[in-house]
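Participant: File follows, query-v2.txt with compact mmCIF, C-alpha atoms (C1' of nucleotides):
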```txt
# COMPACT_ATOMS: atom_id res chain seq x y z
CA MET H 1 27.46 -22.24 -16.79
CA MET H 2 23.70 -21.95 -16.67
CA MET H 3 23.39 -21.73 -20.40
CA VAL H 4 21.21 -24.77 -20.59
CA ASP H 5 18.72 -23.38 -18.13
CA GLN H 6 18.50 -20.15 -20.02
CA ARG H 7 17.93 -21.86 -23.29
CA ILE H 8 15.10 -23.88 -21.86
CA ALA H 9 13.62 -20.82 -20.22
CA LEU H 10 13.75 -18.85 -23.43
CA ALA H 11 12.14 -21.68 -25.33
CA HIS H 12 9.36 -21.73 -22.80
CA GLU H 13 8.84 -18.02 -23.01
CA ILE H 14 8.71 -18.04 -26.78
CA ARG H 15 6.28 -20.92 -26.73
CA GLN H 16 4.02 -18.82 -24.53
CA GLY H 17 4.61 -15.71 -26.57
CA ARG H 18 5.40 -13.77 -23.42
CA PRO H 19 7.90 -10.93 -23.23
CA PHE H 20 9.82 -12.31 -20.28
CA SER H 21 13.56 -12.51 -20.27
CA SER H 22 13.47 -15.50 -17.93
CA LEU H 23 11.11 -18.12 -16.61
CA GLN H 24 11.82 -16.74 -13.18
CA GLN H 25 10.61 -13.31 -14.21
CA ALA H 26 7.35 -14.79 -15.41
CA ALA H 27 6.99 -16.67 -12.13
CA VAL H 28 7.65 -13.59 -10.02
CA LEU H 29 5.07 -11.62 -11.93
CA GLY H 30 2.58 -14.45 -11.53
CA LEU H 31 3.29 -14.51 -7.83
CA MET H 32 2.48 -10.82 -7.51
CA ARG H 33 -0.68 -10.98 -9.60
CA THR H 34 -2.00 -14.00 -7.75
CA THR H 35 -1.35 -12.51 -4.34
CA ASP H 36 -2.97 -9.21 -5.23
CA GLN H 37 -6.05 -11.02 -6.46
CA VAL H 38 -6.36 -13.14 -3.34
CA ARG H 39 -5.59 -10.18 -1.10
CA ARG H 40 -8.45 -8.24 -2.66
CA ARG H 41 -10.86 -11.10 -2.10
CA LEU H 42 -9.87 -11.36 1.54
CA ALA H 43 -10.07 -7.60 2.01
CA ALA H 44 -13.58 -7.65 0.58
CA VAL H 45 -14.59 -10.19 3.23
CA VAL H 46 -13.23 -8.42 6.28
CA GLU H 47 -14.02 -4.83 5.36
CA PRO H 48 -17.79 -5.13 5.85
CA TYR H 49 -16.93 -5.78 9.50
CA GLY H 50 -15.28 -2.38 9.69
CA VAL H 51 -11.64 -3.45 9.74
CA THR H 52 -9.04 -3.56 7.02
CA LEU H 53 -7.10 -6.71 6.19
CA GLN H 54 -4.04 -5.53 8.11
CA GLN H 55 -6.15 -4.61 11.12
CA TYR H 56 -7.67 -8.07 10.96
CA ASN H 57 -4.22 -9.63 10.89
CA VAL H 58 -3.18 -7.67 13.96
CA LEU H 59 -6.29 -8.82 15.80
CA ARG H 60 -5.53 -12.45 14.88
CA ILE H 61 -2.02 -12.13 16.24
CA LEU H 62 -3.24 -10.58 19.47
CA ARG H 63 -5.90 -13.24 19.90
CA GLY H 64 -3.28 -15.89 19.31
CA SER H 65 -1.19 -14.69 22.21
CA SER H 66 -4.07 -13.65 24.45
CA PRO H 67 -4.45 -13.30 27.34
CA LYS H 68 -0.72 -12.51 27.28
CA PRO H 69 -0.22 -9.02 25.78
CA LEU H 70 2.43 -8.28 23.16
CA PRO H 71 4.80 -5.33 22.87
CA THR H 72 4.31 -3.24 19.72
CA LEU H 73 7.39 -4.41 17.89
CA GLU H 74 6.64 -8.05 18.59
CA ILE H 75 3.43 -7.59 16.63
CA ALA H 76 5.31 -5.96 13.79
CA ALA H 77 7.75 -8.86 13.74
CA ARG H 78 4.98 -11.43 13.47
CA LEU H 79 3.16 -9.41 10.87
CA ILE H 80 4.00 -9.57 7.19
CA GLU H 81 4.99 -5.96 7.64
CA GLN H 82 7.76 -3.60 8.76
CA THR H 83 7.98 -1.51 11.90
CA PRO H 84 6.66 2.03 11.64
CA GLY H 85 3.23 1.45 10.22
CA ILE H 86 2.31 -0.64 13.20
CA THR H 87 1.94 2.35 15.52
CA ARG H 88 -0.77 3.98 13.44
CA LEU H 89 -2.40 0.64 12.82
CA LEU H 90 -2.70 0.15 16.57
CA ASP H 91 -3.87 3.76 16.97
CA ARG H 92 -6.87 3.00 14.78
CA LEU H 93 -7.65 -0.30 16.44
CA GLU H 94 -7.48 1.35 19.84
CA ALA H 95 -9.72 4.17 18.64
CA LYS H 96 -12.29 1.55 17.63
CA GLY H 97 -12.03 -0.07 21.05
CA LEU H 98 -10.78 -3.36 19.61
CA VAL H 99 -7.36 -3.21 21.25
CA SER H 100 -5.99 -1.80 24.50
CA ARG H 101 -2.48 -0.55 25.19
CA VAL H 102 -0.65 0.00 28.45
CA ARG H 103 2.90 1.05 29.13
CA CYS H 104 4.94 -1.80 30.51
CA ALA H 105 6.02 -1.40 34.14
CA GLU H 106 9.30 -3.35 34.00
CA ASP H 107 10.55 -1.80 30.78
CA ARG H 108 8.92 1.56 30.34
CA ARG H 109 9.99 1.78 26.71
CA GLN H 110 7.60 -0.96 25.76
CA ILE H 111 3.88 -0.64 25.19
CA LEU H 112 1.90 -3.79 25.76
CA CYS H 113 -1.02 -4.44 23.46
CA SER H 114 -3.90 -6.82 24.02
CA ILE H 115 -7.09 -7.59 22.20
CA ALA H 116 -10.15 -6.05 23.85
CA PRO H 117 -13.36 -8.01 24.44
CA ALA H 118 -14.98 -6.16 21.54
CA GLY H 119 -12.08 -7.27 19.35
CA LEU H 120 -12.47 -10.88 20.37
CA ALA H 121 -16.18 -10.77 19.70
CA LEU H 122 -15.62 -9.24 16.28
CA LEU H 123 -13.02 -11.86 15.35
CA GLU H 124 -15.38 -14.65 16.31
CA GLN H 125 -17.96 -13.30 13.90
CA MET H 126 -15.39 -13.20 11.14
CA ASP H 127 -13.76 -16.58 11.64
CA GLU H 128 -16.10 -18.59 9.51
CA PRO H 129 -16.49 -16.24 6.54
CA VAL H 130 -12.72 -15.78 6.38
CA ASP H 131 -12.10 -19.49 6.47
CA VAL H 132 -14.65 -20.00 3.72
CA ILE H 133 -12.85 -17.51 1.48
CA ASP H 134 -9.44 -19.01 2.15
CA ARG H 135 -10.79 -22.38 1.04
CA GLU H 136 -12.61 -20.90 -1.90
CA ALA H 137 -9.58 -19.00 -3.09
CA LEU H 138 -7.71 -22.29 -3.49
CA SER H 139 -10.68 -24.53 -4.21
CA MET H 140 -9.46 -25.29 -7.72
CA LEU H 141 -6.38 -27.05 -6.33
CA THR H 142 -6.21 -30.55 -4.96
CA LEU H 143 -4.90 -30.98 -1.43
CA GLU H 144 -1.65 -32.23 -2.90
CA GLN H 145 -1.33 -29.08 -4.97
CA VAL H 146 -1.99 -26.90 -1.95
CA GLU H 147 0.79 -28.71 -0.16
CA GLN H 148 3.07 -28.26 -3.16
CA LEU H 149 2.30 -24.56 -3.09
CA ILE H 150 3.16 -24.34 0.60
CA THR H 151 6.38 -26.24 0.05
CA LEU H 152 7.47 -24.05 -2.84
CA HIS H 153 6.70 -20.85 -0.96
CA ASP H 154 8.46 -22.04 2.17
CA ALA H 155 11.52 -22.75 0.04
CA ILE H 156 11.41 -19.33 -1.62
CA ARG H 157 11.16 -17.54 1.68
CA ALA H 158 13.93 -19.62 3.21
CA GLY H 159 16.16 -18.64 0.30
CA ASN H 160 15.37 -14.95 0.62
CA GLU H 161 15.98 -14.31 4.29
CA ASP H 162 16.73 -10.69 5.04
CA PRO H 163 20.49 -10.67 5.75
CA MET M 1 -19.22 -33.77 1.60
CA MET M 2 -15.65 -32.55 1.93
CA MET M 3 -15.23 -34.06 5.37
CA VAL M 4 -12.29 -36.14 4.31
CA ASP M 5 -10.38 -33.17 2.99
CA GLN M 6 -10.95 -31.27 6.16
CA ARG M 7 -9.76 -34.08 8.31
CA ILE M 8 -6.56 -34.42 6.34
CA ALA M 9 -6.02 -30.66 6.44
CA LEU M 10 -6.51 -30.56 10.18
CA ALA M 11 -4.12 -33.44 10.69
CA HIS M 12 -1.52 -31.57 8.67
CA GLU M 13 -1.98 -28.44 10.66
CA ILE M 14 -1.74 -30.20 13.96
CA ARG M 15 1.37 -32.01 12.81
CA GLN M 16 2.89 -28.62 12.08
CA GLY M 17 1.63 -27.18 15.32
CA ARG M 18 0.25 -24.22 13.45
CA PRO M 19 -2.90 -22.34 14.42
CA PHE M 20 -4.55 -22.62 11.02
CA SER M 21 -8.08 -23.79 10.64
CA SER M 22 -7.34 -25.13 7.17
CA LEU M 23 -4.45 -26.04 4.93
CA GLN M 24 -5.73 -23.44 2.54
CA GLN M 25 -5.45 -20.75 5.17
CA ALA M 26 -1.83 -21.68 5.74
CA ALA M 27 -1.19 -21.58 2.00
CA VAL M 28 -2.81 -18.18 1.59
CA LEU M 29 -0.72 -16.75 4.40
CA GLY M 30 2.42 -18.26 2.88
CA LEU M 31 1.50 -16.73 -0.46
CA MET M 32 1.25 -13.29 1.10
CA ARG M 33 4.44 -13.56 3.07
CA THR M 34 6.42 -14.82 0.11
CA THR M 35 5.16 -12.13 -2.23
CA ASP M 36 5.86 -9.36 0.24
CA GLN M 37 9.41 -10.60 0.67
CA VAL M 38 10.05 -10.79 -3.06
CA ARG M 39 8.34 -7.46 -3.64
CA ARG M 40 10.65 -5.79 -1.13
CA ARG M 41 13.71 -7.25 -2.83
CA LEU M 42 12.56 -5.99 -6.21
CA ALA M 43 11.68 -2.58 -4.81
CA ALA M 44 15.17 -2.35 -3.36
CA VAL M 45 16.64 -2.92 -6.82
CA VAL M 46 14.62 -0.36 -8.73
CA GLU M 47 14.47 2.40 -6.16
CA PRO M 48 18.13 3.43 -6.48
CA TYR M 49 17.19 4.39 -10.04
CA GLY M 50 14.67 6.88 -8.68
CA VAL M 51 11.48 4.99 -9.48
CA THR M 52 9.21 2.89 -7.33
CA LEU M 53 8.27 -0.65 -8.26
CA GLN M 54 4.87 0.42 -9.56
CA GLN M 55 6.41 3.20 -11.61
CA TYR M 56 8.82 0.64 -13.03
CA ASN M 57 5.91 -1.64 -13.94
CA VAL M 58 4.16 1.19 -15.75
CA LEU M 59 7.32 1.96 -17.71
CA ARG M 60 7.63 -1.72 -18.70
CA ILE M 61 4.07 -1.76 -19.96
CA LEU M 62 4.58 1.41 -21.97
CA ARG M 63 7.81 0.12 -23.44
CA GLY M 64 6.05 -3.09 -24.35
CA SER M 65 3.50 -1.28 -26.46
CA SER M 66 5.81 1.44 -27.74
CA PRO M 67 5.85 3.23 -30.07
CA LYS M 68 2.07 2.84 -29.86
CA PRO M 69 0.77 4.91 -26.91
CA LEU M 70 -1.77 3.54 -24.45
CA PRO M 71 -4.81 5.24 -22.94
CA THR M 72 -4.66 5.64 -19.17
CA LEU M 73 -7.18 2.96 -18.31
CA GLU M 74 -5.53 0.45 -20.60
CA ILE M 75 -2.41 0.76 -18.47
CA ALA M 76 -4.45 0.27 -15.33
CA ALA M 77 -6.02 -2.83 -16.82
CA ARG M 78 -2.65 -4.38 -17.65
CA LEU M 79 -1.24 -3.45 -14.29
CA ILE M 80 -1.73 -5.57 -11.21
CA GLU M 81 -3.66 -2.57 -9.95
CA GLN M 82 -7.02 -0.81 -9.96
CA THR M 83 -8.04 2.39 -11.72
CA PRO M 84 -7.69 5.57 -9.71
CA GLY M 85 -4.11 5.29 -8.53
CA ILE M 86 -2.90 5.22 -12.10
CA THR M 87 -3.54 8.91 -12.66
CA ARG M 88 -1.23 10.01 -9.86
CA LEU M 89 1.28 7.36 -10.83
CA LEU M 90 1.42 8.84 -14.33
CA ASP M 91 1.55 12.36 -12.85
CA ARG M 92 4.79 11.48 -11.09
CA LEU M 93 6.28 9.75 -14.10
CA GLU M 94 5.41 12.71 -16.29
CA ALA M 95 6.92 15.10 -13.74
CA LYS M 96 10.16 13.13 -13.95
CA GLY M 97 10.07 13.35 -17.73
CA LEU M 98 9.87 9.57 -18.14
CA VAL M 99 6.41 9.55 -19.71
CA SER M 100 4.46 11.91 -21.96
CA ARG M 101 0.70 12.33 -22.19
CA VAL M 102 -1.48 13.84 -24.90
CA ARG M 103 -5.21 14.04 -25.23
CA CYS M 104 -6.51 11.75 -27.93
CA ALA M 105 -7.95 13.47 -30.98
CA GLU M 106 -10.53 10.85 -32.04
CA ASP M 107 -11.90 10.28 -28.55
CA ARG M 108 -11.24 13.35 -26.49
CA ARG M 109 -12.06 11.54 -23.25
CA GLN M 110 -8.91 9.47 -23.55
CA ILE M 111 -5.39 10.49 -22.66
CA LEU M 112 -2.69 8.67 -24.53
CA CYS M 113 0.49 7.84 -22.66
CA SER M 114 3.84 6.91 -24.10
CA ILE M 115 7.25 6.26 -22.66
CA ALA M 116 9.65 9.17 -23.17
CA PRO M 117 13.23 8.68 -24.42
CA ALA M 118 14.50 9.28 -20.90
CA GLY M 119 12.19 6.53 -19.69
CA LEU M 120 13.46 4.11 -22.30
CA ALA M 121 17.05 4.87 -21.42
CA LEU M 122 16.37 4.37 -17.72
CA LEU M 123 14.64 1.05 -18.33
CA GLU M 124 17.58 -0.19 -20.35
CA GLN M 125 19.89 0.50 -17.45
CA MET M 126 17.62 -1.44 -15.13
CA ASP M 127 16.93 -4.47 -17.30
CA GLU M 128 19.89 -6.51 -16.26
CA PRO M 129 19.86 -5.87 -12.51
CA VAL M 130 16.13 -6.60 -12.39
CA ASP M 131 16.54 -9.83 -14.30
CA VAL M 132 19.34 -10.86 -11.96
CA ILE M 133 17.11 -10.36 -8.92
CA ASP M 134 14.20 -12.21 -10.47
CA ARG M 135 16.48 -15.19 -11.03
CA GLU M 136 18.06 -14.88 -7.61
CA ALA M 137 14.72 -14.70 -5.86
CA LEU M 138 13.84 -18.14 -7.23
CA SER M 139 17.35 -19.55 -7.48
CA MET M 140 16.62 -22.20 -4.86
CA LEU M 141 14.06 -23.83 -7.14
CA THR M 142 14.72 -26.14 -10.04
CA LEU M 143 13.31 -25.16 -13.42
CA GLU M 144 10.65 -27.80 -12.97
CA GLN M 145 9.65 -26.25 -9.66
CA VAL M 146 9.47 -22.79 -11.19
CA GLU M 147 7.16 -24.19 -13.85
CA GLN M 148 5.07 -25.87 -11.16
CA LEU M 149 4.81 -22.54 -9.39
CA ILE M 150 3.67 -20.81 -12.56
CA THR M 151 1.12 -23.53 -13.23
CA LEU M 152 -0.30 -23.38 -9.72
CA HIS M 153 -0.58 -19.61 -9.78
CA ASP M 154 -2.17 -19.59 -13.21
CA ALA M 155 -4.75 -22.02 -11.88
CA ILE M 156 -5.44 -19.93 -8.79
CA ARG M 157 -5.93 -16.78 -10.78
CA ALA M 158 -8.14 -18.52 -13.32
CA GLY M 159 -10.33 -19.71 -10.46
CA ASN M 160 -10.59 -16.25 -8.92
CA GLU M 161 -11.62 -14.12 -11.86
CA ASP M 162 -13.32 -10.92 -10.83
CA PRO M 163 -16.96 -11.46 -11.88
C1' DG N 1 27.41 8.60 38.50
C1' DG N 2 27.91 10.23 33.80
C1' DT N 3 28.43 9.33 29.05
C1' DC N 4 27.26 6.23 25.19
C1' DA N 5 25.15 2.92 22.63
C1' DA N 6 21.20 0.10 21.97
C1' DT N 7 16.22 -0.55 22.27
C1' DA N 8 11.23 0.47 21.68
C1' DC N 9 8.64 3.31 19.77
C1' DT N 10 6.75 7.66 17.55
C1' DT N 11 6.45 11.26 14.00
C1' DG N 12 6.79 13.45 9.43
C1' DA N 13 6.92 12.98 4.69
C1' DC N 14 5.92 10.68 0.45
C1' DA N 15 4.06 6.84 -2.59
C1' DC N 16 0.49 3.80 -3.27
C1' DG N 17 -4.31 1.29 -3.25
C1' DT N 18 -9.01 2.05 -3.05
C1' DC N 19 -13.62 4.04 -2.55
C1' DA N 20 -16.89 7.60 -3.67
C1' DG N 21 -17.86 11.42 -6.23
C1' DT N 22 -17.22 14.58 -10.29
C1' DC N 23 -16.52 16.32 -15.08
C1' DA N 24 -16.16 16.01 -19.90
C1' DT N 25 -17.09 13.56 -23.80
C1' DA N 26 -19.42 9.70 -26.43
C1' DT N 27 -23.10 6.93 -27.53
C1' DC N 28 -27.68 5.43 -27.51
C1' DT N 29 -32.71 6.38 -27.63
C1' DT N 30 -36.43 7.98 -29.31
C1' DA X 1 -31.63 16.79 -32.20
C1' DA X 2 -32.56 16.51 -27.02
C1' DG X 3 -32.17 13.72 -23.10
C1' DA X 4 -30.50 9.59 -20.73
C1' DT X 5 -26.68 6.72 -20.02
C1' DA X 6 -22.11 4.99 -20.36
C1' DT X 7 -17.18 5.68 -20.53
C1' DG X 8 -12.50 7.69 -19.51
C1' DA X 9 -10.18 10.16 -16.46
C1' DC X 10 -9.32 13.11 -12.33
C1' DT X 11 -9.95 14.52 -7.22
C1' DG X 12 -10.55 14.02 -2.28
C1' DA X 13 -10.21 11.27 1.59
C1' DC X 14 -8.54 7.45 4.29
C1' DG X 15 -5.49 3.46 5.36
C1' DT X 16 -1.10 1.55 4.77
C1' DG X 17 4.16 0.69 3.64
C1' DT X 18 8.48 2.76 4.19
C1' DC X 19 12.39 5.77 5.06
C1' DA X 20 14.63 9.14 7.97
C1' DA X 21 14.80 11.42 12.06
C1' DG X 22 13.45 12.14 16.87
C1' DT X 23 12.23 10.83 21.90
C1' DA X 24 12.28 8.12 26.03
C1' DT X 25 14.41 4.34 28.48
C1' DT X 26 17.56 0.95 29.62
C1' DG X 27 21.98 -1.13 30.19
C1' DA X 28 27.02 -1.02 29.97
C1' DC X 29 31.30 0.84 30.51
C1' DC X 30 34.58 3.74 32.63
```
Could the structure of this file be written out as structure tokens, please?
Facilitator:
Amino acid sequence: MMMVDQRIALAHEIRQGRPFSSLQQAAVLGLMRTTDQVRRRLAAVVEPYGVTLQQYNVLRILRGSSPKPLPTLEIAARLIEQTPGITRLLDRLEAKGLVSRVRCAEDRRQILCSIAPAGLALLEQMDEPVDVIDREALSMLTLEQVEQLITLHDAIRAGNEDP
Amino acid sequence: MMMVDQRIALAHEIRQGRPFSSLQQAAVLGLMRTTDQVRRRLAAVVEPYGVTLQQYNVLRILRGSSPKPLPTLEIAARLIEQTPGITRLLDRLEAKGLVSRVRCAEDRRQILCSIAPAGLALLEQMDEPVDVIDREALSMLTLEQVEQLITLHDAIRAGNEDP
DNA sequence: GGTCAATACTTGACACGTCAGTCATATCTT
DNA sequence: AAGATATGACTGACGTGTCAAGTATTGACC
């Protein structure tokens, strides 16, 4: 069966003195810890500009498609996130004047969102600091290791598709 | 300087047709997406048992130290999370009878938390299903790849310590 | 042309995560 | 021992993630 794998995993875990029942469990926990750490660093960079990390992500998505606007759910789909939070997220961005929304004429169920000039200007200010942090966060890895990381994560996501 | 690295990174990004200004940015985004996906899968496993993923993590920590109780902030420190949320987290666990809290006699500022028998029993029910999902979530990787993943993440975290 | 299902959101409720501020207790200083 | 400071924990407020339920449209089917 997969006895061999388990034995190796257990050996590993004992060697490390960790209370994990599988190597995979240790890896999943490491994944979470790492992401939370990096997320906090990124959040600390964008928040001085008056937006949260999620708000920043929405602005990036809207800039990417601009000048073509996007319907609300299309943003949610491109985001790391699920549907319902997106409404309130857009509410706050609109309140800050960073995003504008208009009801779509052809399909009146849709609401089209675009990045406002103020949003574009803000993003431009943030581009460099954000890029610096992204590089810094992984600066201890060689380029080959960064590519390995991308490859591994792509594989994990491909193997965990929603259905 | 690091011109060479940047050139290679840009070439990579263009080859992929992605709008990233650095390989590192792509990797960070992949990290976030992957973790969110795995986190949702795990949450879906524990929630039928009436606890959230964070509540489950707290119970694991308390079981790990049991029968020795832990002061509130010690739990926060071991958790992936920051201080203030932990109080309310423990409030809910205590309300469900899964955790018990008593003020410490030697240092009356501290509150000592331990896992209740009901909490232990619940965890035991969840152990196997959780382990199954952890393995499943990474089942597309070889053991060597899982170890690579752990190594990379350990390195990233070591390079991003809080100070 | 009227009913029905699907689509695109929106709202309400609850659990976090996080910051700032507060309170009680310890510890340090002098 | 009195006062200053640090520590451990809790509260309030805001943003977000998520589920369940609701509303407005659209499109299909009969």
Participant: From the options M:Leu122, M:Ile150, M:Ala158, M:Ile133, which residue's atoms come nearest to chain H, counting all atoms listed in the file?
Facilitator: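 The answer is M:Ile150, which sits nearest to chain H.
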Participant: Which one of H:Leu152, H:Ile115, H:Ala121, H:Ala77 sits closest to chain M if you count all atoms listed in the file?
Facilitator: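 Ranked by minimum distance to chain M, first place goes to H:Leu152.
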Participant: Please produce chain M as a compact mmCIF listing (two decimals) with C-alpha atoms, in the frame of the given file once it has been superposed on chain H, the fit using all Cα atoms paired in sequence order.
Facilitator:
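Everything below was put into selection-v1.txt:
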```txt
# COMPACT_ATOMS: atom_id res chain seq x y z
CA MET M 1 27.55 -22.14 -16.36
CA MET M 2 23.77 -21.94 -16.32
CA MET M 3 23.54 -21.65 -20.08
CA VAL M 4 21.35 -24.69 -20.37
CA ASP M 5 18.81 -23.37 -17.92
CA GLN M 6 18.61 -20.11 -19.74
CA ARG M 7 18.08 -21.74 -23.05
CA ILE M 8 15.24 -23.84 -21.73
CA ALA M 9 13.70 -20.80 -20.04
CA LEU M 10 13.88 -18.78 -23.23
CA ALA M 11 12.33 -21.59 -25.23
CA HIS M 12 9.47 -21.70 -22.75
CA GLU M 13 8.92 -18.01 -22.96
CA ILE M 14 8.94 -17.96 -26.70
CA ARG M 15 6.52 -20.86 -26.79
CA GLN M 16 4.19 -18.80 -24.63
CA GLY M 17 4.79 -15.70 -26.68
CA ARG M 18 5.44 -13.76 -23.53
CA PRO M 19 7.88 -10.87 -23.24
CA PHE M 20 9.78 -12.29 -20.29
CA SER M 21 13.52 -12.49 -20.26
CA SER M 22 13.41 -15.48 -17.93
CA LEU M 23 11.04 -18.10 -16.62
CA GLN M 24 11.73 -16.73 -13.19
CA GLN M 25 10.55 -13.30 -14.21
CA ALA M 26 7.29 -14.78 -15.42
CA ALA M 27 6.91 -16.67 -12.15
CA VAL M 28 7.57 -13.60 -10.04
CA LEU M 29 4.98 -11.62 -11.96
CA GLY M 30 2.48 -14.46 -11.58
CA LEU M 31 3.18 -14.54 -7.86
CA MET M 32 2.38 -10.85 -7.55
CA ARG M 33 -0.75 -10.99 -9.63
CA THR M 34 -2.10 -14.01 -7.79
CA THR M 35 -1.45 -12.55 -4.36
CA ASP M 36 -3.05 -9.24 -5.24
CA GLN M 37 -6.15 -11.03 -6.47
CA VAL M 38 -6.45 -13.15 -3.35
CA ARG M 39 -5.67 -10.19 -1.12
CA ARG M 40 -8.52 -8.22 -2.67
CA ARG M 41 -10.94 -11.08 -2.11
CA LEU M 42 -9.94 -11.35 1.53
CA ALA M 43 -10.12 -7.59 2.01
CA ALA M 44 -13.64 -7.65 0.60
CA VAL M 45 -14.65 -10.18 3.25
CA VAL M 46 -13.27 -8.42 6.29
CA GLU M 47 -14.06 -4.84 5.38
CA PRO M 48 -17.83 -5.13 5.90
CA TYR M 49 -16.94 -5.79 9.54
CA GLY M 50 -15.29 -2.37 9.73
CA VAL M 51 -11.66 -3.47 9.75
CA THR M 52 -9.06 -3.57 7.02
CA LEU M 53 -7.13 -6.72 6.20
CA GLN M 54 -4.07 -5.53 8.10
CA GLN M 55 -6.16 -4.61 11.11
CA TYR M 56 -7.67 -8.08 10.95
CA ASN M 57 -4.20 -9.63 10.86
CA VAL M 58 -3.16 -7.67 13.93
CA LEU M 59 -6.26 -8.83 15.78
CA ARG M 60 -5.49 -12.46 14.86
CA ILE M 61 -1.98 -12.13 16.19
CA LEU M 62 -3.19 -10.59 19.44
CA ARG M 63 -5.83 -13.25 19.87
CA GLY M 64 -3.21 -15.89 19.25
CA SER M 65 -1.10 -14.70 22.15
CA SER M 66 -3.97 -13.68 24.41
CA PRO M 67 -4.33 -13.32 27.30
CA LYS M 68 -0.61 -12.52 27.20
CA PRO M 69 -0.13 -9.02 25.71
CA LEU M 70 2.51 -8.29 23.09
CA PRO M 71 4.86 -5.32 22.80
CA THR M 72 4.34 -3.22 19.69
CA LEU M 73 7.43 -4.35 17.83
CA GLU M 74 6.68 -8.00 18.51
CA ILE M 75 3.45 -7.56 16.57
CA ALA M 76 5.33 -5.90 13.74
CA ALA M 77 7.78 -8.78 13.66
CA ARG M 78 5.02 -11.39 13.40
CA LEU M 79 3.18 -9.38 10.81
CA ILE M 80 4.01 -9.53 7.13
CA GLU M 81 4.96 -5.90 7.61
CA GLN M 82 7.71 -3.53 8.71
CA THR M 83 7.94 -1.43 11.86
CA PRO M 84 6.60 2.10 11.61
CA GLY M 85 3.16 1.46 10.18
CA ILE M 86 2.27 -0.64 13.18
CA THR M 87 1.92 2.34 15.49
CA ARG M 88 -0.79 3.98 13.41
CA LEU M 89 -2.41 0.62 12.80
CA LEU M 90 -2.70 0.13 16.56
CA ASP M 91 -3.89 3.74 16.95
CA ARG M 92 -6.88 2.98 14.75
CA LEU M 93 -7.63 -0.31 16.45
CA GLU M 94 -7.45 1.34 19.85
CA ALA M 95 -9.72 4.15 18.66
CA LYS M 96 -12.29 1.53 17.66
CA GLY M 97 -11.99 -0.08 21.08
CA LEU M 98 -10.75 -3.38 19.63
CA VAL M 99 -7.31 -3.21 21.24
CA SER M 100 -5.92 -1.80 24.48
CA ARG M 101 -2.41 -0.54 25.16
CA VAL M 102 -0.54 0.00 28.41
CA ARG M 103 3.01 1.02 29.06
CA CYS M 104 5.07 -1.83 30.41
CA ALA M 105 6.20 -1.48 34.01
CA GLU M 106 9.46 -3.47 33.86
CA ASP M 107 10.69 -1.90 30.64
CA ARG M 108 9.08 1.47 30.27
CA ARG M 109 10.13 1.75 26.62
CA GLN M 110 7.69 -0.98 25.66
CA ILE M 111 3.97 -0.65 25.12
CA LEU M 112 2.00 -3.80 25.69
CA CYS M 113 -0.96 -4.46 23.43
CA SER M 114 -3.82 -6.83 24.00
CA ILE M 115 -7.02 -7.60 22.18
CA ALA M 116 -10.07 -6.07 23.85
CA PRO M 117 -13.29 -8.05 24.45
CA ALA M 118 -14.92 -6.20 21.57
CA GLY M 119 -12.04 -7.29 19.36
CA LEU M 120 -12.42 -10.91 20.38
CA ALA M 121 -16.13 -10.82 19.72
CA LEU M 122 -15.60 -9.27 16.30
CA LEU M 123 -13.00 -11.87 15.36
CA GLU M 124 -15.34 -14.67 16.32
CA GLN M 125 -17.95 -13.33 13.95
CA MET M 126 -15.41 -13.21 11.15
CA ASP M 127 -13.77 -16.60 11.64
CA GLU M 128 -16.13 -18.60 9.54
CA PRO M 129 -16.54 -16.25 6.57
CA VAL M 130 -12.77 -15.79 6.38
CA ASP M 131 -12.15 -19.52 6.47
CA VAL M 132 -14.73 -20.01 3.73
CA ILE M 133 -12.94 -17.53 1.47
CA ASP M 134 -9.53 -19.03 2.15
CA ARG M 135 -10.87 -22.40 1.04
CA GLU M 136 -12.71 -20.92 -1.91
CA ALA M 137 -9.68 -19.02 -3.12
CA LEU M 138 -7.80 -22.31 -3.51
CA SER M 139 -10.77 -24.56 -4.22
CA MET M 140 -9.54 -25.31 -7.73
CA LEU M 141 -6.48 -27.07 -6.34
CA THR M 142 -6.28 -30.57 -4.96
CA LEU M 143 -4.96 -31.00 -1.44
CA GLU M 144 -1.72 -32.27 -2.91
CA GLN M 145 -1.41 -29.11 -4.98
CA VAL M 146 -2.07 -26.91 -1.97
CA GLU M 147 0.71 -28.73 -0.15
CA GLN M 148 2.99 -28.27 -3.16
CA LEU M 149 2.21 -24.58 -3.09
CA ILE M 150 3.06 -24.35 0.60
CA THR M 151 6.29 -26.25 0.06
CA LEU M 152 7.37 -24.05 -2.83
CA HIS M 153 6.62 -20.86 -0.95
CA ASP M 154 8.38 -22.06 2.17
CA ALA M 155 11.42 -22.75 0.03
CA ILE M 156 11.30 -19.33 -1.62
CA ARG M 157 11.05 -17.53 1.67
CA ALA M 158 13.83 -19.61 3.21
CA GLY M 159 16.05 -18.63 0.30
CA ASN M 160 15.25 -14.93 0.64
CA GLU M 161 15.87 -14.29 4.30
CA ASP M 162 16.56 -10.67 5.06
CA PRO M 163 20.27 -10.64 5.98
```
Participant: Would you give me, as a ChimeraX atom specification, the residues of chain H that come within 8 Å of chain X, using all atoms listed in the file?
Facilitator: /H:81-82,84-85,107-109
Participant: Should the cut-off be 12 Å, what would the residue list for chain N against chain M look like, counting only C-alpha atoms (C1' of nucleotides), as a compact mmCIF listing (two decimals) with C-alpha atoms (C1' of nucleotides), in the coordinates of the input?
Facilitator:
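Resulting contents of iface.txt:
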```
# COMPACT_ATOMS: atom_id res chain seq x y z
C1' DC N 14 5.92 10.68 0.45
C1' DA N 15 4.06 6.84 -2.59
C1' DC N 16 0.49 3.80 -3.27
C1' DG N 17 -4.31 1.29 -3.25
C1' DT N 18 -9.01 2.05 -3.05
C1' DC N 19 -13.62 4.04 -2.55
C1' DA N 20 -16.89 7.60 -3.67
C1' DC N 23 -16.52 16.32 -15.08
C1' DA N 24 -16.16 16.01 -19.90
C1' DT N 25 -17.09 13.56 -23.80
C1' DA N 26 -19.42 9.70 -26.43
C1' DT N 27 -23.10 6.93 -27.53
```
